[in-house]
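Notes for the one structure printed next.
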There are 2 protein chains.
Amino acid sequence: MESILPELQKTSREAAKLRRAPHSQRAGVLTHLAGLLTENVALILAENRKDLERMDREDPKYDRLLLNEARIHALADSLREVSRLEDPAGKVLLEKTLPNGLLLKKVTTPMGVVGTIFESRPNVTIDVAALCLLSGNAAVLKGGKEADYSNRAFVQLIHRALRENGLPEEVVLLLPTDRKFMTELLQADRYVDLIIPRGSQGLISFVRENSRIPTIETGAGVCHVYVEKTADLAMAAEIIVNAKASRPSVCNSLDCVILDAAVAPELIPGLKAGFEKYAIEVFADEASLPYFREADFRVQPARAEDFGKEWLDFKLSVKTVNSPDEALDHIREYSSRHSEAIVTRDPELAQRFLEEVDAAAVYHNASTRFTDGGEFGLGAEIGISTQKLHARGPFALEKLVTEKWVVTGDGQVRW
Amino acid sequence: MESILPELQKTSREAAKLRRAPHSQRAGVLTHLAGLLTENVALILAENRKDLERMDREDPKYDRLLLNEARIHALADSLREVSRLEDPAGKVLLEKTLPNGLLLKKVTTPMGVVGTIFESRPNVTIDVAALCLLSGNAAVLKGGKEADYSNRAFVQLIHRALRENGLPEEVVLLLPTDRKFMTELLQADRYVDLIIPRGSQGLISFVRENSRIPTIETGAGVCHVYVEKTADLAMAAEIIVNAKASRPSVCNSLDCVILDAAVAPELIPGLKAGFEKYAIEVFADEASLPYFREADFRVQPARAEDFGKEWLDFKLSVKTVNSPDEALDHIREYSSRHSEAIVTRDPELAQRFLEEVDAAAVYHNASTRFTDGGEFGLGAEIGISTQKLHARGPFALEKLVTEKWVVTGDGQVRW
């Protein structure tokens with residue numbers, strides 16, 4: 001294949017039919033697809049095996065690639081759940097009759113064509129196609145090479161579900177995995193309206209640097225917990241251990257503890273049990289280092305680069321401050337604006353923190369680990385955005401739409 | 001000055017104070033500034049004269065640069081109006097208590113620091129600063145060289161109004177006009193959250209190509225009016241003449257008439273009077289050309305490049321179609337997704353057009369010239385966006401905010 005532009009153009013054109021299809025028809029595709037998945041387990045597993053054979057069983061990605069009957073049934077269930085979600089398109093945001101008699105409406109409408117670039121997991125093919133179709137969007141998918149047989153098998157079934165429900169196949173397009181098509185996709189701003197990169201920071205940076213199409217990325221999470229001097233220290237310790245150790249490799253995990261100098265002598269020994277249980281390594285600043293050493297933690301002096309760092313591991317840095325101003329300054333300097341928490345009993349300080357800290361999610365007396373579409377009750381999460389335009393924090397279906405002004409008149413003109 | 005980064009950093013830091021200031025305090029700055037403008041007319045006009053002296057009186061920009069007592073009073077009035085607008089920040093979009101007891105709120109919060117790059121008119125300095133301050137945003141302004149004395153005079157007064165109302169001056173920053181600082185600004189994504197370029201297509205393209213900061217641009221308007229075969233032709237003629245001739249140089253003016261072959265013999269003669277009055281030149285396709293020639297219009301055969309062209313002049317192209325499908329195809333191909341209109345008596349076709357056409361504003365039986373924040377009743381318009389993320393069509397204050405998730409707990413953790 002020389003170029004994917006002709007395919008992208010077709011998808012863009014057919015997206016109009018999808019936009020006009022009733023919600024029930026689109027939801028019907030999903031429930032139909034759920035059935036096709038469960039009826040075609042053998043076929044899916046056979047194709048998946050072709051991918052697995054090319055990978056080393058010891059590779060951590062092997063488990064992400066692997067499909068089995070249970071996982072396929074879970075996908076089918078998830079499709080049925082998504083089919084029951086509320087349509088984010090077609091909502092009337094504003095409606096009024098202007099003095100000149102024009103009827104003005106601002107409505108939500110599907111974004112159009114959503115391109116998702118992802119790695120490893122073939123289930124993303126199903127998840128993303130489902131969310132796009134439910135919200136009236138065409139889906140362009142660029143998956144990882146390693147899951148290509150599996151992805152193609154899924155898309156074959158998606159195409160069948162579309163056809164058998166009277167919708168054009170072209171509204172879900174799986175691109176070839178060649179790297180050259182990635183750049184073509186990212187430049188095709190005439191045909192694709194939104195890009196969602198899901199994967200490593202390397203992928204996300206590449207997309208950000210090379211895309212002409214607006215993107216919503218799941219950004220890095222350099223997260224802080226600030227233990228203020230009036231904090232309940234037992235609560236603080238629980239939050240800190242949880243936010244670091246429950247899933248260190250995700251974006252909402254804790255990276256740096258900021259503590260008021262006054263709480264160090266009591267808080268730090270209180271962290272010992274949890275830090276030992278999870279073998280958490282500490283990179284402590286000068287003021288807190290002696291306390292960690294005295295209580296025999298795994299600790300080293302923090303270097304400059306240990307602040308503002310997303311560890312993605314059982315490690316964290318510690319910064320001592322002497323005032324809330326210093327804590328806020330540190331967060332302003334080092335935060336990636338993902339999730340930030342304060343533990344305090346002072347309600348005014350809590351309020352100040354929640355208002356002043358510039359992040360997608362701000363917490364008072366709770367773990368940063370709640371920054372998640374599922375936890376927030378959003379339905380099927382697409383990503384966690386750290387940008388400020390359009391989507392911020394965990395986002396789902398409701399961000400796959402844009403707005404449109406619809407004006408109905410009877411001949412009005414404006415001179 | 002070597003670099004504007006230290007200034008941008010200060011502005012970013014002080015923006016937090018602005019975010020926390022009550023709405024009334026921010027509105028107070030605007031009413032105070034209105035008073036300062038009217039008390040300092042002589043000073044403003046003296047500085048404005050320094051700019052005017054450097055420009056040729058015959059230059060079309062001269063009038064845009066010129067300030068006088070009436071214009072200054074109008075600015076003061078407009079400041080008072082903006083001060084009465086509803087604060088878009090601090091709105092609760094979602095509020096619920098989760099099963100685990102966490103109180104979850106999604107709120108609107110100021111974008112942070114908004115950078116506006118503009119040309120010619122010094123009043124933009126006041127307009128933009130006002131809208132930013134009212135919505136809790138710091139404003140970074142990069143104006144045109146030709147208006148520098150005037151802009152500085154305005155900013156001096158803005159700083160006085162801020163100081164005298166207990167807010168830091170740094171929240172409104174006027175940058176030096178040197179070109180090199182433009183690029184520095186566009187790369188400063190750590191300090192500036194949003195860029196709004198207002199000016200020529202050249203400026204907008206430069207910003208789009210070079211900005212690391214999200215932008216909302218006022219895009220080109222290649223607009224169509226589709227006269228369907230059941231249309232009221234007298235209405236169609238009025239709409240066409242109005243949409244072309246009322247203000248040809250703005251983005252919502254008509255560029256191309258699409259007409260059903262069936263209406264050509266009657267519609268075209270009906271356009272004669274209006275087209276003659278405004279000396280409108282027609283670039284007609286093969287099918288419509290004979291009708292224009294017969295009725296003695298100023299007409300030429302349309303070339304390929306006459307479609308998809310934003311004329312910004314008393315010129316338009318004409319495309320004949322034989323079905324709504326062809327009309328929609330043409331719009332899909334050539335539209336810049338700004339404003340598109342259909343004139344028809346067929347309600348189902350109108351509905352189809354309004355749903356399928358992908359544009360910021362779609363019209364049934366009205367002129368495209370209504371795409372305007374004032375016309376839509378939005379208060380003070382900032383621009384007309386043709387992009388799909390965050391803002392689409394005319395946008396105002398409500399788009400100078402982002403969202404933020406605020407979570408209050410009593411120690412909840414997530415394992």
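Residue numbering restarts at 1 for every chain of the structure tokens, chains are lettered A, B, ... in their displayed order, and ligands are numbered from 1 as they appear.
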
Using only C-alpha atoms, which chain B residues lie at most 6 Å away from chain A, written as a VMD selection string?
chain B and resid 16 235 246 356 360 to 367 388 to 390 402 404 to 413 415

Any chance you can output those residues with C-alpha atoms as a PDB file, in the first residue's frame?
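File produced: again36.pdb:
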ATOM      1  CA  ALA B  16      -2.671  32.103  41.423  1.00  0.00           C
ATOM      2  CA  MET B 235     -35.538  34.512  -0.094  1.00  0.00           C
ATOM      3  CA  SER B 246     -22.810  43.188   3.636  1.00  0.00           C
ATOM      4  CA  GLU B 356     -24.658  16.109   8.132  1.00  0.00           C
ATOM      5  CA  ALA B 360     -19.160  25.374  13.265  1.00  0.00           C
ATOM      6  CA  ALA B 361     -22.471  26.938  12.271  1.00  0.00           C
ATOM      7  CA  VAL B 362     -25.163  25.561   9.972  1.00  0.00           C
ATOM      8  CA  TYR B 363     -28.129  27.580   8.707  1.00  0.00           C
ATOM      9  CA  HIS B 364     -31.562  26.833   7.322  1.00  0.00           C
ATOM     10  CA  ASN B 365     -33.121  29.773   5.504  1.00  0.00           C
ATOM     11  CA  ALA B 366     -30.881  32.479   6.943  1.00  0.00           C
ATOM     12  CA  SER B 367     -27.689  34.301   6.017  1.00  0.00           C
ATOM     13  CA  LYS B 388     -13.398  21.207  17.024  1.00  0.00           C
ATOM     14  CA  LEU B 389     -11.727  20.949  20.393  1.00  0.00           C
ATOM     15  CA  HIS B 390     -12.721  23.157  23.289  1.00  0.00           C
ATOM     16  CA  THR B 402     -10.859  24.735  31.970  1.00  0.00           C
ATOM     17  CA  LYS B 404     -10.725  20.596  37.459  1.00  0.00           C
ATOM     18  CA  TRP B 405     -11.708  17.648  39.608  1.00  0.00           C
ATOM     19  CA  VAL B 406     -11.913  18.428  43.327  1.00  0.00           C
ATOM     20  CA  VAL B 407     -12.049  15.490  45.702  1.00  0.00           C
ATOM     21  CA  THR B 408     -12.679  15.716  49.432  1.00  0.00           C
ATOM     22  CA  GLY B 409     -12.325  12.698  51.672  1.00  0.00           C
ATOM     23  CA  ASP B 410     -11.514  11.560  55.146  1.00  0.00           C
ATOM     24  CA  GLY B 411      -8.646   9.215  54.495  1.00  0.00           C
ATOM     25  CA  GLN B 412      -9.911   7.041  51.623  1.00  0.00           C
ATOM     26  CA  VAL B 413      -7.324   4.945  49.813  1.00  0.00           C
ATOM     27  CA  TRP B 415      -5.659  -0.624  46.653  1.00  0.00           C
TER      28      TRP B 415
END

List the spatial neighbours of Leu397 of chain A as a ChimeraX atom specification - criterion: any atom at most 12 Å away, only C-alpha atoms, same-chain residues fewer than 4 positions off excluded.
/A:82-83,85-89,108-111,114,127-137,373,378-383,391,401-402

Restricting the output to N, CA and C atoms, write the selected residues as a compact mmCIF listing (two decimals), in the first residue's frame.
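Output file part.txt follows:
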# COMPACT_ATOMS: atom_id res chain seq x y z
N VAL A 82 -21.15 -0.83 27.33
CA VAL A 82 -20.97 0.41 26.56
C VAL A 82 -22.23 0.70 25.75
N SER A 83 -22.86 -0.35 25.22
CA SER A 83 -24.06 -0.15 24.38
C SER A 83 -25.18 0.51 25.18
N LEU A 85 -24.64 2.89 27.45
CA LEU A 85 -24.26 4.24 27.88
C LEU A 85 -25.07 5.29 27.13
N GLU A 86 -25.21 6.42 27.78
CA GLU A 86 -25.95 7.53 27.18
C GLU A 86 -25.17 8.12 26.00
N ASP A 87 -25.86 8.44 24.94
CA ASP A 87 -25.25 9.05 23.77
C ASP A 87 -24.83 10.49 24.12
N PRO A 88 -23.54 10.80 23.98
CA PRO A 88 -23.12 12.16 24.29
C PRO A 88 -23.45 13.16 23.17
N ALA A 89 -23.76 12.63 21.99
CA ALA A 89 -24.07 13.52 20.86
C ALA A 89 -25.55 13.85 20.85
N THR A 108 -24.40 19.24 20.83
CA THR A 108 -23.19 18.42 20.74
C THR A 108 -23.32 17.52 19.51
N THR A 109 -22.22 17.29 18.85
CA THR A 109 -22.22 16.47 17.66
C THR A 109 -20.93 15.64 17.68
N PRO A 110 -20.93 14.46 17.08
CA PRO A 110 -19.71 13.66 17.13
C PRO A 110 -18.51 14.42 16.59
N MET A 111 -17.35 14.15 17.15
CA MET A 111 -16.11 14.76 16.69
C MET A 111 -15.93 14.51 15.20
N VAL A 114 -12.11 9.72 14.80
CA VAL A 114 -11.18 9.69 15.93
C VAL A 114 -10.10 8.66 15.66
N ASP A 127 -12.45 -2.01 22.58
CA ASP A 127 -12.85 -0.93 23.49
C ASP A 127 -13.03 0.39 22.75
N VAL A 128 -12.02 0.77 21.99
CA VAL A 128 -12.02 2.07 21.33
C VAL A 128 -13.07 2.12 20.21
N ALA A 129 -13.15 1.04 19.42
CA ALA A 129 -14.15 1.03 18.35
C ALA A 129 -15.55 1.19 18.96
N ALA A 130 -15.77 0.52 20.07
CA ALA A 130 -17.09 0.59 20.72
C ALA A 130 -17.41 2.00 21.17
N LEU A 131 -16.47 2.65 21.84
CA LEU A 131 -16.73 4.01 22.34
C LEU A 131 -16.94 4.99 21.19
N CYS A 132 -16.16 4.83 20.15
CA CYS A 132 -16.33 5.72 18.98
C CYS A 132 -17.70 5.51 18.36
N LEU A 133 -18.04 4.28 18.07
CA LEU A 133 -19.30 4.01 17.38
C LEU A 133 -20.49 4.47 18.22
N LEU A 134 -20.44 4.22 19.52
CA LEU A 134 -21.56 4.60 20.38
C LEU A 134 -21.78 6.11 20.35
N SER A 135 -20.68 6.86 20.21
CA SER A 135 -20.80 8.32 20.20
C SER A 135 -20.89 8.89 18.79
N GLY A 136 -21.11 8.01 17.80
CA GLY A 136 -21.31 8.48 16.43
C GLY A 136 -20.05 8.85 15.68
N ASN A 137 -18.90 8.40 16.17
CA ASN A 137 -17.63 8.71 15.53
C ASN A 137 -17.11 7.53 14.72
N GLY A 373 -11.26 7.12 35.54
CA GLY A 373 -12.64 7.25 35.06
C GLY A 373 -13.60 6.31 35.76
N LEU A 378 -17.36 7.51 35.53
CA LEU A 378 -17.58 8.09 34.20
C LEU A 378 -17.99 7.07 33.15
N GLY A 379 -18.10 5.79 33.53
CA GLY A 379 -18.34 4.81 32.48
C GLY A 379 -17.00 4.40 31.90
N ALA A 380 -16.91 4.20 30.63
CA ALA A 380 -15.69 3.68 30.02
C ALA A 380 -14.64 4.78 29.82
N GLU A 381 -13.56 4.73 30.57
CA GLU A 381 -12.53 5.77 30.48
C GLU A 381 -11.72 5.62 29.20
N ILE A 382 -11.45 6.75 28.58
CA ILE A 382 -10.61 6.74 27.38
C ILE A 382 -9.18 7.09 27.73
N GLY A 383 -9.01 7.99 28.69
CA GLY A 383 -7.67 8.38 29.09
C GLY A 383 -7.76 9.35 30.24
N ALA A 391 -10.53 18.51 27.38
CA ALA A 391 -10.67 17.42 28.35
C ALA A 391 -9.59 17.58 29.40
N VAL A 401 -17.18 14.35 21.62
CA VAL A 401 -18.09 15.18 20.84
C VAL A 401 -17.56 16.61 20.81
N THR A 402 -18.02 17.33 19.80
CA THR A 402 -17.72 18.75 19.72
C THR A 402 -19.06 19.48 19.74

Return as a PyMOL selection string the full set of residues in segment 210-297 of chain A whose backbone-based DSSP assignment is helix (DSSP H, G or I).
chain A and resi 210+233-245+261-277+289-294

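Going from atom CA of Ala161 of chain B to atom CA of Ala70 of chain B covers 21.3 Å.
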
Could you write out, as a CSV table (one decimal) with N, CA and C atoms, in the first residue's frame, all the residues of segment 328-388 of chain A that DSSP marks as strand (DSSP E)?
chain,number,residue,atom,x,y,z
A,339,SER,N,-2.3,14.9,39.5
A,339,SER,CA,-3.1,14.7,40.7
A,339,SER,C,-2.2,15.2,41.9
A,340,GLU,N,-2.8,16.0,42.8
A,340,GLU,CA,-2.1,16.6,43.9
A,340,GLU,C,-2.9,16.5,45.1
A,341,ALA,N,-2.3,16.1,46.3
A,341,ALA,CA,-3.1,15.9,47.5
A,341,ALA,C,-2.5,16.7,48.7
A,342,ILE,N,-3.5,17.1,49.6
A,342,ILE,CA,-3.0,17.7,50.8
A,342,ILE,C,-3.7,16.9,52.0
A,343,VAL,N,-2.9,16.6,53.0
A,343,VAL,CA,-3.5,16.0,54.2
A,343,VAL,C,-3.4,17.1,55.3
A,361,ALA,N,-6.6,17.0,38.9
A,361,ALA,CA,-7.4,16.5,40.1
A,361,ALA,C,-6.7,17.0,41.4
A,362,VAL,N,-7.4,17.5,42.3
A,362,VAL,CA,-6.8,17.9,43.6
A,362,VAL,C,-7.6,17.3,44.7
A,363,TYR,N,-6.9,16.8,45.7
A,363,TYR,CA,-7.4,16.0,46.8
A,363,TYR,C,-7.2,16.6,48.2
A,364,HIS,N,-8.2,16.5,49.0
A,364,HIS,CA,-8.1,16.8,50.4
A,364,HIS,C,-8.3,15.5,51.2
A,365,ASN,N,-7.3,15.1,51.9
A,365,ASN,CA,-7.5,13.9,52.7
A,365,ASN,C,-8.0,12.6,52.0
A,366,ALA,N,-7.3,12.4,50.8
A,366,ALA,CA,-7.6,11.1,50.1
A,366,ALA,C,-6.4,10.8,49.2
A,383,GLY,N,-9.0,8.0,28.7
A,383,GLY,CA,-7.7,8.4,29.1
A,383,GLY,C,-7.8,9.4,30.2
A,384,ILE,N,-6.6,9.8,30.7
A,384,ILE,CA,-6.5,10.8,31.7
A,384,ILE,C,-5.7,12.0,31.2
A,385,SER,N,-6.4,13.1,30.9
A,385,SER,CA,-5.7,14.2,30.2
A,385,SER,C,-5.1,15.1,31.2

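Coordinates place atom CA of Ile4 of chain B at a distance of 24.9 Å from atom CA of Ala304 of chain A.
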
Rounded to one decimal, what separation in Å do you get between atom CA of Val41 of chain A and atom CA of Glu69 of chain A?
6.6 Å

Contacts of Met55 of chain A at 12 Å or less, counting only C-alpha atoms, minus same-chain residues fewer than 6 places along, as a PDB file with C-alpha atoms, in the first residue's frame?
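Just written: result-v1.pdb:
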ATOM      1  CA  ASN A  48      -4.124 -14.557  18.584  1.00  0.00           C
ATOM      2  CA  ARG A  49      -1.889 -17.629  18.649  1.00  0.00           C
ATOM      3  CA  LYS A  61       4.053  -7.947  27.039  1.00  0.00           C
ATOM      4  CA  TYR A  62       3.091 -11.588  26.475  1.00  0.00           C
ATOM      5  CA  ASP A  63       0.352 -11.428  29.068  1.00  0.00           C
ATOM      6  CA  ARG A  64      -0.986  -8.176  27.627  1.00  0.00           C
ATOM      7  CA  LEU A  65      -1.165  -9.774  24.200  1.00  0.00           C
ATOM      8  CA  LEU A  66      -2.747 -13.001  25.318  1.00  0.00           C
ATOM      9  CA  SER A 120       0.241  -4.160  22.874  1.00  0.00           C
ATOM     10  CA  LYS A 145       2.746  -4.842  15.181  1.00  0.00           C
ATOM     11  CA  GLU A 146       2.837  -7.535  17.816  1.00  0.00           C
ATOM     12  CA  ALA A 147      -0.969  -7.746  17.989  1.00  0.00           C
TER      13      ALA A 147
END

Give the answer as one residue: which of A:Ile268, A:Leu5, A:Ala261, A:Ile213 has the shortest atom-to-atom distance to Asp189 of chain A, using only C-alpha atoms?
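Residue with the minimum atom-to-atom distance to Asp189 of chain A: A:Ile213.
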